[in-house]
Amino acid sequence: MIQKRSQQIYIAFYTIIRKEIIRFMRIWSQTLLPPVITMSLYFLIFGKLVGSQIQSISGYSYMQYIVPGLVMMAIMTNAYANTSTSFFGAKFSKSIEEILVAPVPSYVILVGFMLGGTIRGLLVGFLVILISLFFTHLHIYNIWIVLAMAILASMLFSLGGLINGIFAKKFDDVSFIPTFVLMPLTYLGGVFYSVKQLPDFWRTVSTFNPILNIVDTFRFGILGISDVNVYFGFTMVGTLFIILLTWCLIMLKRGTGMRT
Amino acid sequence: MHALSVKNLTKQYSNGLVALKGINLEVEKGDFFALLGQNGAGKSTTIGIICSLVNKSSGSVSVFGHDIDKELDAAKLCIGVVPQEMNFNPFEKISHIIINQAGYYGVPRKIAEQRTEYYFKKLGLWEKRNNAALRLSGGMKRRLMIARALVTKPRLLMLDEPTAGVDIELRHMLWEFLTELNAQGTTIILTTHYLEEAEHLCKNVAIIDNGEIIEHANMKSFINRLDTQTMILDLASPLRDIPENLKYPCRLIDEVTLEIKVSKHHSLNMLFDTLTKNNINITSLRNKTNRLEELFIDLIANNKIQSENES
């Protein structure tokens, strides 16, 4: 009986993941292509045209310096967008009821949606790395740090998107957080500059920006340079991950935004 | 063990609306059960709570002995639900909708594909299997939701107005299909506004009004309570005045249409004799409303009067 139940749960989990992957692959021109084009423009304009006028940072050209940040930016925004739009879309079309009436445990719904977003984030990140190779050469300093932070950050932002999707009541609510919270934090998160260039006060404030910790830890994995402590970065992101995971699970169990 | 047992079920929404005021309901295994009520009476809330789309305020619900508070997953495994409103992703292929639903219930993909083919063929959707749901007609979307509910082989099928807005031919096809399904052992709970549908299909009936069950009975014995039936007679020749010795309460709708109330204690032969004696020839007759509808309207009206008197 226990084995039968675990098999049922596995099939339900596989179904959610498969459905999520098919969803974003079916609309690849809206999910995969735009970030690749946007990042290519960033590489071209900021990296090649503007970057050629900027002196090297910690021994790396400006183009090499911004590649890890832009890759991570693509991972984070796409992981977030995937779960927020997919979950809100399911609520909007009421197809979320297909899962709610089924014997699917809340943690399976949570992990299923989260991994859907994670896979899209990582896939987009991989495509952006490939594109970046047309503009510069990269040698990875520590592959394990790169993989660990890419996976952790995409899972974290998938959870963020899921929370957004749970609370969203209209389409405007889905774009509010990315536009007014995530984008400013990303631009202030050391993607395009080193926080060492900032005055002391703002440098200290910046260290509490999780996106700076994610970007710089990821940059450390690729280039071997960082403005933040890598252990602090992992601890901060790991802690946030556990908090969001718990929050999501509680809301899914309660049926927040789904059950009346 | 009942297929469904609902005890003292209440629901108050966050806006203060009390949708259910402590309803009790029991549905036998293998039953074809009608849950009737006006719009906003509490039918969909009841179904929503049973299939865990709505949180109850208090009370208990058991499905085949599985209490939804203690064994929710076991209860869910027994239930298939066809909601009133469309609730699928309109951009998804319809075969994927069904196979995914089976997947959420832990049905292996191969079996899900076989069942999808079976129900799609049975419900006339096979040719459309590769279409996105938005390309289906309204009737096809209803059938899609029925196929989705059945792919998990539920022991209890709940249909919330499944024939709303579908044409007569399709409605009859669905009636046949549901009768066959019930004969195979599936317990069915049906909510509908088409009372002839409930009378035709269901063995037992409950009427819910204003969040309360005001009737819970066997369909035949319930129908038998009807004292009078109102008949509409089409006359062969025009009639200007109603003959005085026609002892039935009646009125002329127009010169060739007569409305007449017939007590269940009078046979139709007696009515025909009286009409013949009065030189009234009829070409056809029909019930003004469905028998269940007459009872339903009376019951709701009486309940309203009673509620007003109490308040």
# chains A, B, ... in the order shown; residues from 1 in each chain; ligands from 1
>>> residues_around(residues="Thr191 in chain B", least_positions_apart="2", cutoff="7 Å", atoms="only C-alpha atoms", output="list in words")
Ala34, Leu35, Leu36, Leu159, Asp160, Glu161 and Ile189 of chain B
>>> select_by_dssp(residues="range 38-241 of chain A", states="alpha helix (DSSP H)", output="ChimeraX atom specification")
/A:38-42,62-92,96-100,106-132,143-167,171-177,183-187,200-206,210-223,230-241
>>> interface_residues(of="chain B", to="chain A", cutoff="9 Å", atoms="only C-alpha atoms", output="JSON, numbers by chain")
{"B": [13, 14, 51, 52, 53, 54, 55, 56, 72, 73, 74, 75, 76, 77, 79, 80, 81, 85, 86, 87, 88, 89, 90, 92, 96, 99, 100, 101, 102, 103, 104, 105, 106, 107, 108, 109]}
>>> write_last_selection(atoms="N, CA and C atoms", output="short mmCIF file (atom, residue, chain, number, x, y, z; two decimals), in the first residue's frame")
data_model
loop_
_atom_site.label_atom_id
_atom_site.label_comp_id
_atom_site.auth_asym_id
_atom_site.auth_seq_id
_atom_site.Cartn_x
_atom_site.Cartn_y
_atom_site.Cartn_z
N TYR B 13 -18.83 32.27 3.97
CA TYR B 13 -17.74 32.87 3.20
C TYR B 13 -17.17 34.08 3.95
N SER B 14 -15.98 34.50 3.54
CA SER B 14 -15.31 35.59 4.24
C SER B 14 -16.10 36.91 4.17
N CYS B 51 -15.38 18.01 -2.89
CA CYS B 51 -14.16 17.72 -3.67
C CYS B 51 -13.02 18.66 -3.29
N SER B 52 -13.15 19.30 -2.14
CA SER B 52 -12.09 20.09 -1.50
C SER B 52 -11.62 21.31 -2.31
N LEU B 53 -12.55 21.91 -3.04
CA LEU B 53 -12.24 23.19 -3.69
C LEU B 53 -12.69 24.35 -2.82
N VAL B 54 -13.54 24.03 -1.84
CA VAL B 54 -14.06 25.04 -0.92
C VAL B 54 -13.80 24.53 0.49
N ASN B 55 -13.31 25.42 1.36
CA ASN B 55 -13.08 25.01 2.76
C ASN B 55 -14.40 25.11 3.53
N LYS B 56 -14.73 24.06 4.24
CA LYS B 56 -15.98 24.11 5.03
C LYS B 56 -15.75 24.89 6.31
N LEU B 72 -8.12 12.62 3.45
CA LEU B 72 -8.51 13.43 2.28
C LEU B 72 -8.08 12.77 0.97
N ASP B 73 -6.85 12.28 0.92
CA ASP B 73 -6.36 11.69 -0.34
C ASP B 73 -7.17 10.46 -0.73
N ALA B 74 -7.50 9.62 0.27
CA ALA B 74 -8.30 8.42 -0.01
C ALA B 74 -9.69 8.83 -0.51
N ALA B 75 -10.25 9.89 0.09
CA ALA B 75 -11.56 10.38 -0.35
C ALA B 75 -11.48 10.91 -1.78
N LYS B 76 -10.41 11.69 -2.04
CA LYS B 76 -10.25 12.28 -3.38
C LYS B 76 -10.14 11.21 -4.46
N LEU B 77 -9.47 10.10 -4.11
CA LEU B 77 -9.29 9.03 -5.10
C LEU B 77 -10.63 8.45 -5.55
N ILE B 79 -13.40 10.24 -5.98
CA ILE B 79 -14.28 11.25 -6.57
C ILE B 79 -13.84 11.69 -7.97
N GLY B 80 -14.83 11.86 -8.82
CA GLY B 80 -14.60 12.52 -10.11
C GLY B 80 -15.60 13.67 -10.17
N VAL B 81 -15.15 14.83 -10.63
CA VAL B 81 -16.07 15.97 -10.59
C VAL B 81 -16.12 16.68 -11.95
N GLU B 85 -18.48 25.40 -14.38
CA GLU B 85 -17.74 26.27 -15.31
C GLU B 85 -16.54 25.52 -15.88
N MET B 86 -16.14 25.94 -17.08
CA MET B 86 -14.98 25.32 -17.72
C MET B 86 -13.75 25.57 -16.84
N ASN B 87 -13.01 24.54 -16.56
CA ASN B 87 -11.81 24.74 -15.74
C ASN B 87 -10.63 23.92 -16.28
N PHE B 88 -10.28 24.24 -17.51
CA PHE B 88 -9.09 23.62 -18.08
C PHE B 88 -8.32 24.69 -18.84
N ASN B 89 -7.07 24.37 -19.14
CA ASN B 89 -6.25 25.31 -19.90
C ASN B 89 -6.70 25.28 -21.37
N PRO B 90 -7.25 26.38 -21.87
CA PRO B 90 -7.82 26.34 -23.22
C PRO B 90 -6.77 26.15 -24.32
N GLU B 92 -4.23 24.03 -24.12
CA GLU B 92 -3.64 22.69 -24.04
C GLU B 92 -4.37 21.72 -24.96
N HIS B 96 -3.90 15.83 -23.82
CA HIS B 96 -2.97 16.11 -22.70
C HIS B 96 -3.75 16.44 -21.42
N ILE B 99 -4.88 13.05 -20.02
CA ILE B 99 -3.76 12.22 -19.55
C ILE B 99 -3.12 12.83 -18.31
N ASN B 100 -3.00 14.16 -18.29
CA ASN B 100 -2.44 14.82 -17.10
C ASN B 100 -3.32 14.62 -15.88
N GLN B 101 -4.64 14.70 -16.09
CA GLN B 101 -5.55 14.52 -14.95
C GLN B 101 -5.35 13.12 -14.36
N ALA B 102 -5.23 12.15 -15.25
CA ALA B 102 -4.98 10.78 -14.77
C ALA B 102 -3.66 10.73 -14.01
N GLY B 103 -2.67 11.45 -14.53
CA GLY B 103 -1.36 11.48 -13.88
C GLY B 103 -1.43 12.04 -12.47
N TYR B 104 -2.23 13.09 -12.26
CA TYR B 104 -2.36 13.67 -10.92
C TYR B 104 -2.93 12.65 -9.93
N TYR B 105 -3.69 11.70 -10.46
CA TYR B 105 -4.28 10.66 -9.60
C TYR B 105 -3.36 9.44 -9.51
N GLY B 106 -2.20 9.53 -10.14
CA GLY B 106 -1.24 8.43 -10.05
C GLY B 106 -1.49 7.31 -11.04
N VAL B 107 -2.28 7.58 -12.08
CA VAL B 107 -2.53 6.54 -13.10
C VAL B 107 -1.36 6.53 -14.07
N PRO B 108 -0.71 5.38 -14.28
CA PRO B 108 0.43 5.33 -15.21
C PRO B 108 0.02 5.79 -16.62
N ARG B 109 0.99 6.40 -17.30
CA ARG B 109 0.71 7.06 -18.58
C ARG B 109 0.08 6.13 -19.62
#
>>> residues_around(residues="Asn218 in chain B", least_positions_apart="3", cutoff="8 Å", atoms="only C-alpha atoms", output="VMD selection string")
chain B and resid 203 to 205 221 to 222
>>> residues_around(residues="Met1 in chain B", least_positions_apart="2", cutoff="12 Å", atoms="only C-alpha atoms", output="list in words")
Ala3, Leu4, Ser5, Glu26, Val27, Glu28, Lys29, Gly30, Ser62, Val63, Phe64, Gly65 and His66 of chain B
>>> write_last_selection(atoms="C-alpha atoms", output="PDB file, in the first residue's frame")
ATOM      1  CA  ALA B   3     -21.068   6.632  -0.987  1.00  0.00           C
ATOM      2  CA  LEU B   4     -21.447  10.068   0.553  1.00  0.00           C
ATOM      3  CA  SER B   5     -22.315  11.140   4.053  1.00  0.00           C
ATOM      4  CA  GLU B  26     -26.666  10.642   2.597  1.00  0.00           C
ATOM      5  CA  VAL B  27     -26.187   9.056  -0.781  1.00  0.00           C
ATOM      6  CA  GLU B  28     -26.282   5.281  -1.144  1.00  0.00           C
ATOM      7  CA  LYS B  29     -23.704   3.341  -3.116  1.00  0.00           C
ATOM      8  CA  GLY B  30     -24.835   2.947  -6.731  1.00  0.00           C
ATOM      9  CA  SER B  62     -17.202  11.192   4.287  1.00  0.00           C
ATOM     10  CA  VAL B  63     -16.764   9.626   0.880  1.00  0.00           C
ATOM     11  CA  PHE B  64     -17.046   5.828   0.908  1.00  0.00           C
ATOM     12  CA  GLY B  65     -16.171   5.952   4.602  1.00  0.00           C
ATOM     13  CA  HIS B  66     -13.152   8.239   4.168  1.00  0.00           C
TER      14      HIS B  66
END
>>> residues_around(residues="Val215 in chain A", least_positions_apart="6", cutoff="8 Å", atoms="only C-alpha atoms", output="list in words")
Pro68, Gly69, Met72, Met73, Gly189, Gly190 and Val191 of chain A
>>> select_by_dssp(residues="range 24-221 of chain B", states="strand (DSSP E or B)", output="VMD selection string")
chain B and resid 24 to 27 32 to 36 58 to 63 66 to 67 79 to 82 93 132 156 to 160 187 to 191 204 to 209 212 to 218
>>> residues_around(residues="range 274-282 of chain B", least_positions_apart="3", cutoff="9 Å", atoms="only C-alpha atoms", output="JSON, numbers by chain")
{"B": [233, 234, 235, 236, 237, 239, 243, 245, 246, 247, 269, 270, 271, 285]}
>>> write_last_selection(atoms="N, CA and C atoms", output="short mmCIF file (atom, residue, chain, number, x, y, z; two decimals), in the first residue's frame")
data_model
loop_
_atom_site.label_atom_id
_atom_site.label_comp_id
_atom_site.auth_asym_id
_atom_site.auth_seq_id
_atom_site.Cartn_x
_atom_site.Cartn_y
_atom_site.Cartn_z
N LEU B 233 -54.31 21.27 -23.31
CA LEU B 233 -55.01 20.52 -24.36
C LEU B 233 -55.12 21.37 -25.62
N ASP B 234 -54.73 20.80 -26.74
CA ASP B 234 -54.92 21.48 -28.02
C ASP B 234 -56.26 21.01 -28.60
N LEU B 235 -57.16 21.95 -28.90
CA LEU B 235 -58.52 21.59 -29.30
C LEU B 235 -58.63 21.50 -30.82
N ALA B 236 -59.52 20.57 -31.26
CA ALA B 236 -59.71 20.39 -32.71
C ALA B 236 -60.46 21.55 -33.31
N SER B 237 -61.41 22.13 -32.53
CA SER B 237 -62.18 23.28 -33.05
C SER B 237 -62.21 24.37 -31.98
N LEU B 239 -63.09 27.09 -29.19
CA LEU B 239 -64.03 27.07 -28.07
C LEU B 239 -64.11 28.49 -27.53
N PRO B 243 -67.56 25.24 -20.95
CA PRO B 243 -68.87 24.72 -20.51
C PRO B 243 -68.96 24.68 -18.98
N ASN B 245 -70.58 22.68 -17.03
CA ASN B 245 -70.54 21.36 -16.39
C ASN B 245 -69.18 20.64 -16.53
N LEU B 246 -68.21 21.39 -16.98
CA LEU B 246 -66.84 20.82 -17.00
C LEU B 246 -66.27 20.97 -15.59
N LYS B 247 -66.21 19.87 -14.84
CA LYS B 247 -65.99 19.98 -13.40
C LYS B 247 -64.52 20.15 -13.00
N ASN B 269 -59.16 8.91 -18.24
CA ASN B 269 -60.35 8.42 -18.96
C ASN B 269 -61.57 9.26 -18.58
N MET B 270 -61.67 9.56 -17.26
CA MET B 270 -62.78 10.38 -16.78
C MET B 270 -62.75 11.77 -17.43
N LEU B 271 -61.54 12.28 -17.55
CA LEU B 271 -61.39 13.60 -18.16
C LEU B 271 -61.85 13.56 -19.62
N LEU B 285 -52.36 16.50 -26.07
CA LEU B 285 -52.26 17.03 -24.70
C LEU B 285 -50.84 16.86 -24.20
#
>>> residues_around(residues="Leu201 in chain B", least_positions_apart="4", cutoff="12 Å", atoms="only C-alpha atoms", output="number ranges by chain")
B: 31-34, 171-172, 174-183, 188-192, 194-197, 205, 219-220
